[in-house]
Number of protein chains: 2
Amino acid sequence: MGINDRKDRDKEDLKKKILTAARELFLVKGFENTSIRNIAEKIEYSPTSIYLHFKDKDDLFHALHSEGFELLNAQFSTLHAVRDPFERLIAMGRIYMQFAVENPELYELMFIHTAPIDSLDMHKGEEWLEGKTSFEGLTMTIEGCIQAGYFKFPNTEVAAYMIWSFMHGMISLKICHRCAKVLSEVNQEDILPKSFDAFVTMLEQLRSS
Amino acid sequence: MGINDRKDRDKEDLKKKILTAARELFLVKGFENTSIRNIAEKIEYSPTSIYLHFKDKDDLFHALHSEGFELLNAQFSTLHAVRDPFERLIAMGRIYMQFAVENPELYELMFIHTAPIDSLDMHKGEEWLEGKTSFEGLTMTIEGCIQAGYFKFPNTEVAAYMIWSFMHGMISLKICHRCAKVLSEVNQEDILPKSFDAFVTMLEQLRSS
DNA sequence: TGTTTTACTTAACACTGTAAAGTATATTTG
DNA sequence: CAAATATACTTTACAGTGTTAAGTAAAACA
């Protein structure tokens, strides 16, 4: 039945169209400031047709959230080429940082905004698979660093959380506009690479001690 | 004119009443999920009377935001008793962490939510005084550590931002429900103190190197 | 006593997410 | 081929949001 196939394709097309419009609006105006009606207007459909393809606004959020992780993982995919675990850790950090700088609204969606992750809680069984996978990648790299003697920590997972915390904090203070209001002019522009370098230098010093 | 005084007092009373109701609702339901009408209902006034005392919802936000910093600074006030700068830095971190754990909604308001800080941008001249003051306190303590030879960094302000980043990241990953979904069960409960200790240990190791 | 000010309320506007009911077209069935 | 049904979408509607403008009753002042 080619007809049903075509229908399925049409349906999928509209779903993609919604997602594209939603993405464009979210990334420009932010999630809270984009309404279902805004999206509907952009694609020239009635607002309620969006509900035929997505359960609610959070569902739309999740779709873009997943897209974000696909994009981030695509950036991470070059990492396998970096053999040395410490170099890989640094490269990972740089990629993460660059991703956040280039896609701040997406980053906010993925790591800051609470609504979507809370709606995951609803269906209790569900997990935050995307986040878990990325975190495991970090943990394994750190495990590699420890085994290669770059530094040691009593608990690898805790070390991974510590390092992720620094990266996330640095980025989200910037994204949430808390750092420009606090820093002197010299450091406002490039605080992210500067503070990243300071952290890396600190990690490097752990080797010789 | 005692009458005008009494009137001023009455007016101030209502303002406080609004603020108290707003605080209670914000801290339970969160900022986004608390409406002006909710607050009005709680104090048994019409919604519009709130606008006689606060410009808009962001103005209410700012008031609570300032209250938050007063509370945090009150906690910080014991720090002057800690003479050793490194010990003071650690104590500062613990206080900051405890404040966040005990007042997560307030922390979100002060350091994560974007709306209020963005509305500061509007009136260009205005600054984030509360944040700036706290950050300067951190910077000075770190300066003390450097001078006492605990560690060295090429730029104190960058070091302060790095350390604040870690603290903020650790806390906000927790508050934004990103960590419970990623960590193994052993670490879910007490990841904050654990990762804090890992960071402190790292700082301590910098001395001997 | 009449006028103005103060402190508040009611009504209204332009939004929001979302559910129920209606409609036109396409497909399946008798 | 005609009637019944399913599909894909729209219209309408509800209950909520922040916020403004107009109305009102009481107090203060002239």
# chains A, B, ... in the order shown; residues from 1 in each chain; ligands from 1
call {"tool": "calpha_fit_and_write", "arguments": {"fixed": "chain B", "moving": "chain A", "output": "mmCIF file with C-alpha atoms, in the first residue's frame"}}
result
data_model
loop_
_atom_site.group_PDB
_atom_site.id
_atom_site.type_symbol
_atom_site.label_atom_id
_atom_site.label_comp_id
_atom_site.auth_asym_id
_atom_site.auth_seq_id
_atom_site.Cartn_x
_atom_site.Cartn_y
_atom_site.Cartn_z
ATOM 1 C CA MET A 1 1.755 64.290 61.991
ATOM 2 C CA GLY A 2 1.318 60.894 63.619
ATOM 3 C CA ILE A 3 -1.492 60.089 61.227
ATOM 4 C CA ASN A 4 0.714 60.114 58.170
ATOM 5 C CA ASP A 5 3.235 58.029 60.051
ATOM 6 C CA ARG A 6 0.595 55.444 60.835
ATOM 7 C CA LYS A 7 -0.485 55.451 57.179
ATOM 8 C CA ASP A 8 3.057 54.898 56.075
ATOM 9 C CA ARG A 9 3.327 52.056 58.545
ATOM 10 C CA ASP A 10 0.098 50.513 57.252
ATOM 11 C CA LYS A 11 1.371 50.745 53.717
ATOM 12 C CA GLU A 12 4.661 49.189 54.729
ATOM 13 C CA ASP A 13 2.752 46.457 56.554
ATOM 14 C CA LEU A 14 0.885 45.460 53.432
ATOM 15 C CA LYS A 15 4.085 45.478 51.445
ATOM 16 C CA LYS A 16 5.598 43.089 53.960
ATOM 17 C CA LYS A 17 2.456 40.986 53.913
ATOM 18 C CA ILE A 18 2.687 40.680 50.131
ATOM 19 C CA LEU A 19 6.350 39.797 50.366
ATOM 20 C CA THR A 20 5.736 37.155 53.011
ATOM 21 C CA ALA A 21 2.982 35.543 50.979
ATOM 22 C CA ALA A 22 5.085 35.717 47.827
ATOM 23 C CA ARG A 23 8.051 34.177 49.596
ATOM 24 C CA GLU A 24 6.026 31.299 50.981
ATOM 25 C CA LEU A 25 4.450 30.551 47.633
ATOM 26 C CA PHE A 26 7.657 30.951 45.618
ATOM 27 C CA LEU A 27 9.624 28.679 47.910
ATOM 28 C CA VAL A 28 6.980 25.984 47.733
ATOM 29 C CA LYS A 29 5.690 26.190 44.164
ATOM 30 C CA GLY A 30 8.538 28.020 42.469
ATOM 31 C CA PHE A 31 8.505 31.410 40.793
ATOM 32 C CA GLU A 32 6.943 30.448 37.477
ATOM 33 C CA ASN A 33 4.167 28.496 39.144
ATOM 34 C CA THR A 34 3.135 31.290 41.470
ATOM 35 C CA SER A 35 0.758 33.853 40.062
ATOM 36 C CA ILE A 36 -0.026 37.336 41.251
ATOM 37 C CA ARG A 37 -3.553 36.078 41.806
ATOM 38 C CA ASN A 38 -2.241 33.297 44.071
ATOM 39 C CA ILE A 39 -0.445 35.832 46.214
ATOM 40 C CA ALA A 40 -3.462 38.147 46.270
ATOM 41 C CA GLU A 41 -5.724 35.341 47.356
ATOM 42 C CA LYS A 42 -3.384 34.376 50.150
ATOM 43 C CA ILE A 43 -3.383 37.865 51.638
ATOM 44 C CA GLU A 44 -7.078 38.421 50.834
ATOM 45 C CA TYR A 45 -6.587 41.465 48.630
ATOM 46 C CA SER A 46 -7.404 42.003 44.993
ATOM 47 C CA PRO A 47 -4.621 41.063 42.526
ATOM 48 C CA THR A 48 -4.187 44.621 41.342
ATOM 49 C CA SER A 49 -3.416 45.976 44.814
ATOM 50 C CA ILE A 50 -0.088 44.190 44.562
ATOM 51 C CA TYR A 51 0.763 46.575 41.733
ATOM 52 C CA LEU A 52 0.350 49.503 44.114
ATOM 53 C CA HIS A 53 3.370 48.233 46.015
ATOM 54 C CA PHE A 54 5.441 46.460 43.369
ATOM 55 C CA LYS A 55 5.979 47.555 39.788
ATOM 56 C CA ASP A 56 5.518 44.072 38.354
ATOM 57 C CA LYS A 57 6.287 40.428 39.036
ATOM 58 C CA ASP A 58 9.982 40.982 38.415
ATOM 59 C CA ASP A 59 9.984 43.673 41.078
ATOM 60 C CA LEU A 60 8.643 41.143 43.557
ATOM 61 C CA PHE A 61 11.341 38.802 42.377
ATOM 62 C CA HIS A 62 14.041 41.363 43.064
ATOM 63 C CA ALA A 63 12.791 41.932 46.568
ATOM 64 C CA LEU A 64 13.042 38.224 47.385
ATOM 65 C CA HIS A 65 16.329 38.024 45.541
ATOM 66 C CA SER A 66 17.703 40.720 47.867
ATOM 67 C CA GLU A 67 16.300 38.916 50.895
ATOM 68 C CA GLY A 68 18.155 35.830 49.721
ATOM 69 C CA PHE A 69 21.443 37.699 49.650
ATOM 70 C CA GLU A 70 20.796 39.141 53.083
ATOM 71 C CA LEU A 71 20.303 35.621 54.373
ATOM 72 C CA LEU A 72 23.409 34.323 52.613
ATOM 73 C CA ASN A 73 25.489 37.234 53.874
ATOM 74 C CA ALA A 74 24.218 36.602 57.387
ATOM 75 C CA GLN A 75 25.560 33.045 57.088
ATOM 76 C CA PHE A 76 28.838 34.385 55.716
ATOM 77 C CA SER A 77 29.206 36.833 58.601
ATOM 78 C CA THR A 78 30.793 34.205 60.855
ATOM 79 C CA LEU A 79 33.663 33.904 58.395
ATOM 80 C CA HIS A 80 35.631 36.860 59.726
ATOM 81 C CA ALA A 81 36.463 34.696 62.732
ATOM 82 C CA VAL A 82 38.368 32.245 60.530
ATOM 83 C CA ARG A 83 41.854 33.709 60.303
ATOM 84 C CA ASP A 84 43.586 31.283 57.999
ATOM 85 C CA PRO A 85 42.578 32.209 54.418
ATOM 86 C CA PHE A 86 42.465 28.636 53.154
ATOM 87 C CA GLU A 87 40.322 27.507 56.053
ATOM 88 C CA ARG A 88 38.145 30.522 55.412
ATOM 89 C CA LEU A 89 37.808 29.547 51.746
ATOM 90 C CA ILE A 90 36.708 26.034 52.710
ATOM 91 C CA ALA A 91 34.295 27.367 55.330
ATOM 92 C CA MET A 92 32.903 29.774 52.757
ATOM 93 C CA GLY A 93 32.299 26.910 50.377
ATOM 94 C CA ARG A 94 30.553 24.859 53.037
ATOM 95 C CA ILE A 95 28.289 27.750 53.967
ATOM 96 C CA TYR A 96 27.451 28.411 50.330
ATOM 97 C CA MET A 97 26.695 24.735 49.802
ATOM 98 C CA GLN A 98 24.579 24.489 52.928
ATOM 99 C CA PHE A 99 22.649 27.617 51.990
ATOM 100 C CA ALA A 100 21.844 26.101 48.599
ATOM 101 C CA VAL A 101 20.768 22.785 50.086
ATOM 102 C CA GLU A 102 18.556 24.424 52.682
ATOM 103 C CA ASN A 103 17.075 27.027 50.327
ATOM 104 C CA PRO A 104 17.069 25.507 46.856
ATOM 105 C CA GLU A 105 14.243 27.661 45.516
ATOM 106 C CA LEU A 106 15.935 30.770 46.855
ATOM 107 C CA TYR A 107 19.214 29.689 45.307
ATOM 108 C CA GLU A 108 17.486 29.201 41.984
ATOM 109 C CA LEU A 109 16.045 32.678 42.290
ATOM 110 C CA MET A 110 19.430 34.188 43.095
ATOM 111 C CA PHE A 111 21.708 32.383 40.683
ATOM 112 C CA ILE A 112 19.815 30.455 38.048
ATOM 113 C CA HIS A 113 16.641 32.213 37.021
ATOM 114 C CA THR A 114 17.273 34.694 34.209
ATOM 115 C CA ALA A 115 14.238 36.987 34.236
ATOM 116 C CA PRO A 116 15.123 39.221 37.201
ATOM 117 C CA ILE A 117 18.720 39.730 36.247
ATOM 118 C CA ASP A 118 17.645 40.509 32.694
ATOM 119 C CA SER A 119 15.227 43.131 33.923
ATOM 120 C CA LEU A 120 18.216 44.724 35.654
ATOM 121 C CA ASP A 121 19.718 45.090 32.194
ATOM 122 C CA MET A 122 16.812 47.294 31.191
ATOM 123 C CA HIS A 123 17.887 50.162 33.364
ATOM 124 C CA LYS A 124 21.401 49.978 31.991
ATOM 125 C CA GLY A 125 23.169 51.760 34.799
ATOM 126 C CA GLU A 126 22.072 49.312 37.467
ATOM 127 C CA GLU A 127 24.401 46.659 38.726
ATOM 128 C CA TRP A 128 24.100 43.346 40.451
ATOM 129 C CA LEU A 129 25.427 44.737 43.693
ATOM 130 C CA GLU A 130 24.652 41.744 45.878
ATOM 131 C CA GLY A 131 26.437 39.333 43.579
ATOM 132 C CA LYS A 132 29.360 41.669 43.105
ATOM 133 C CA THR A 133 29.901 42.073 46.827
ATOM 134 C CA SER A 134 29.849 38.334 47.487
ATOM 135 C CA PHE A 135 32.190 37.690 44.586
ATOM 136 C CA GLU A 136 34.621 40.281 45.878
ATOM 137 C CA GLY A 137 34.612 38.529 49.248
ATOM 138 C CA LEU A 138 35.582 35.314 47.497
ATOM 139 C CA THR A 139 38.261 37.038 45.426
ATOM 140 C CA MET A 140 39.837 38.577 48.514
ATOM 141 C CA THR A 141 39.935 35.271 50.341
ATOM 142 C CA ILE A 142 41.621 33.646 47.369
ATOM 143 C CA GLU A 143 44.090 36.520 47.211
ATOM 144 C CA GLY A 144 44.824 35.753 50.865
ATOM 145 C CA CYS A 145 45.404 32.086 50.039
ATOM 146 C CA ILE A 146 47.799 32.981 47.254
ATOM 147 C CA GLN A 147 49.738 35.355 49.475
ATOM 148 C CA ALA A 148 49.888 32.741 52.222
ATOM 149 C CA GLY A 149 51.345 30.319 49.670
ATOM 150 C CA TYR A 150 48.497 27.808 49.577
ATOM 151 C CA PHE A 151 48.375 27.853 45.793
ATOM 152 C CA LYS A 152 49.061 30.222 42.975
ATOM 153 C CA PHE A 153 47.090 31.367 39.978
ATOM 154 C CA PRO A 154 48.108 33.846 37.281
ATOM 155 C CA ASN A 155 44.911 35.830 37.832
ATOM 156 C CA THR A 156 43.003 35.944 41.109
ATOM 157 C CA GLU A 157 39.714 37.001 39.571
ATOM 158 C CA VAL A 158 39.849 34.139 37.096
ATOM 159 C CA ALA A 159 40.652 31.747 39.941
ATOM 160 C CA ALA A 160 37.683 33.081 41.880
ATOM 161 C CA TYR A 161 35.426 32.556 38.891
ATOM 162 C CA MET A 162 36.774 29.042 38.476
ATOM 163 C CA ILE A 163 36.090 28.120 42.076
ATOM 164 C CA TRP A 164 32.667 29.745 42.098
ATOM 165 C CA SER A 165 31.921 27.901 38.856
ATOM 166 C CA PHE A 166 32.617 24.574 40.489
ATOM 167 C CA MET A 167 30.441 25.375 43.505
ATOM 168 C CA HIS A 168 27.629 26.714 41.386
ATOM 169 C CA GLY A 169 27.794 23.851 38.897
ATOM 170 C CA MET A 170 27.731 21.192 41.586
ATOM 171 C CA ILE A 171 24.742 22.838 43.232
ATOM 172 C CA SER A 172 22.776 23.690 40.137
ATOM 173 C CA LEU A 173 23.140 20.255 38.563
ATOM 174 C CA LYS A 174 21.534 19.008 41.755
ATOM 175 C CA ILE A 175 18.843 21.689 41.818
ATOM 176 C CA CYS A 176 18.010 21.245 38.142
ATOM 177 C CA HIS A 177 17.658 17.479 38.672
ATOM 178 C CA ARG A 178 20.435 16.544 36.319
ATOM 179 C CA CYS A 179 22.600 14.539 38.718
ATOM 180 C CA ALA A 180 20.244 12.009 40.277
ATOM 181 C CA LYS A 181 19.539 10.662 36.800
ATOM 182 C CA VAL A 182 23.202 10.154 36.052
ATOM 183 C CA LEU A 183 24.829 8.911 39.251
ATOM 184 C CA SER A 184 24.964 5.435 40.721
ATOM 185 C CA GLU A 185 22.895 4.891 43.856
ATOM 186 C CA VAL A 186 25.860 4.999 46.221
ATOM 187 C CA ASN A 187 26.607 8.591 45.278
ATOM 188 C CA GLN A 188 23.134 10.003 44.696
ATOM 189 C CA GLU A 189 22.426 10.941 48.276
ATOM 190 C CA ASP A 190 25.611 12.758 49.260
ATOM 191 C CA ILE A 191 27.210 13.776 45.985
ATOM 192 C CA LEU A 192 27.518 17.404 47.074
ATOM 193 C CA PRO A 193 29.777 16.906 50.133
ATOM 194 C CA LYS A 194 31.673 14.153 48.319
ATOM 195 C CA SER A 195 32.433 16.235 45.272
ATOM 196 C CA PHE A 196 33.178 19.243 47.480
ATOM 197 C CA ASP A 197 35.730 17.165 49.379
ATOM 198 C CA ALA A 198 37.270 15.984 46.120
ATOM 199 C CA PHE A 199 37.684 19.592 45.028
ATOM 200 C CA VAL A 200 39.185 20.628 48.372
ATOM 201 C CA THR A 201 41.619 17.711 48.271
ATOM 202 C CA MET A 202 42.658 18.861 44.834
ATOM 203 C CA LEU A 203 43.279 22.404 46.093
ATOM 204 C CA GLU A 204 45.287 21.037 49.016
ATOM 205 C CA GLN A 205 47.514 19.048 46.692
ATOM 206 C CA LEU A 206 48.454 22.265 44.920
ATOM 207 C CA ARG A 207 50.439 23.370 47.957
ATOM 208 C CA SER A 208 52.994 20.565 47.888
ATOM 209 C CA SER A 209 53.642 20.825 44.163
#
call {"tool": "interface_residues", "arguments": {"of": "chain C", "to": "chain B", "cutoff": "9 Å", "atoms": "only C-alpha atoms (C1' of nucleotides)", "output": "list in words"}}
result
DA7, DC8 and DT9 of chain C
call {"tool": "write_last_selection", "arguments": {"atoms": "C-alpha atoms (C1' of nucleotides)", "output": "compact mmCIF listing (two decimals), in the first residue's frame"}}
result
# COMPACT_ATOMS: atom_id res chain seq x y z
C1' DA C 7 -6.19 53.00 48.94
C1' DC C 8 -8.31 49.83 47.11
C1' DT C 9 -11.57 46.93 43.75
call {"tool": "interface_residues", "arguments": {"of": "chain D", "to": "chain B", "cutoff": "9 Å", "atoms": "only C-alpha atoms (C1' of nucleotides)", "output": "list in words"}}
result
DT17, DG18 and DT19 of chain D
call {"tool": "atom_distance", "arguments": {"atom1": "atom C1' of D:DG23", "atom2": "atom C1' of C:DT16"}}
result
28.0 Å
call {"tool": "atom_distance", "arguments": {"atom1": "atom C1' of D:DA21", "atom2": "atom C1' of C:DT4"}}
result
20.3 Å
call {"tool": "select_by_dssp", "arguments": {"residues": "stretch 31-99 of chain A", "states": "alpha helix (DSSP H)", "output": "PyMOL selection string"}}
result
chain A and resi 36-43+57-76+85-99
call {"tool": "atom_distance", "arguments": {"atom1": "atom C1' of D:DT7", "atom2": "atom C1' of C:DT23"}}
result
11.8 Å
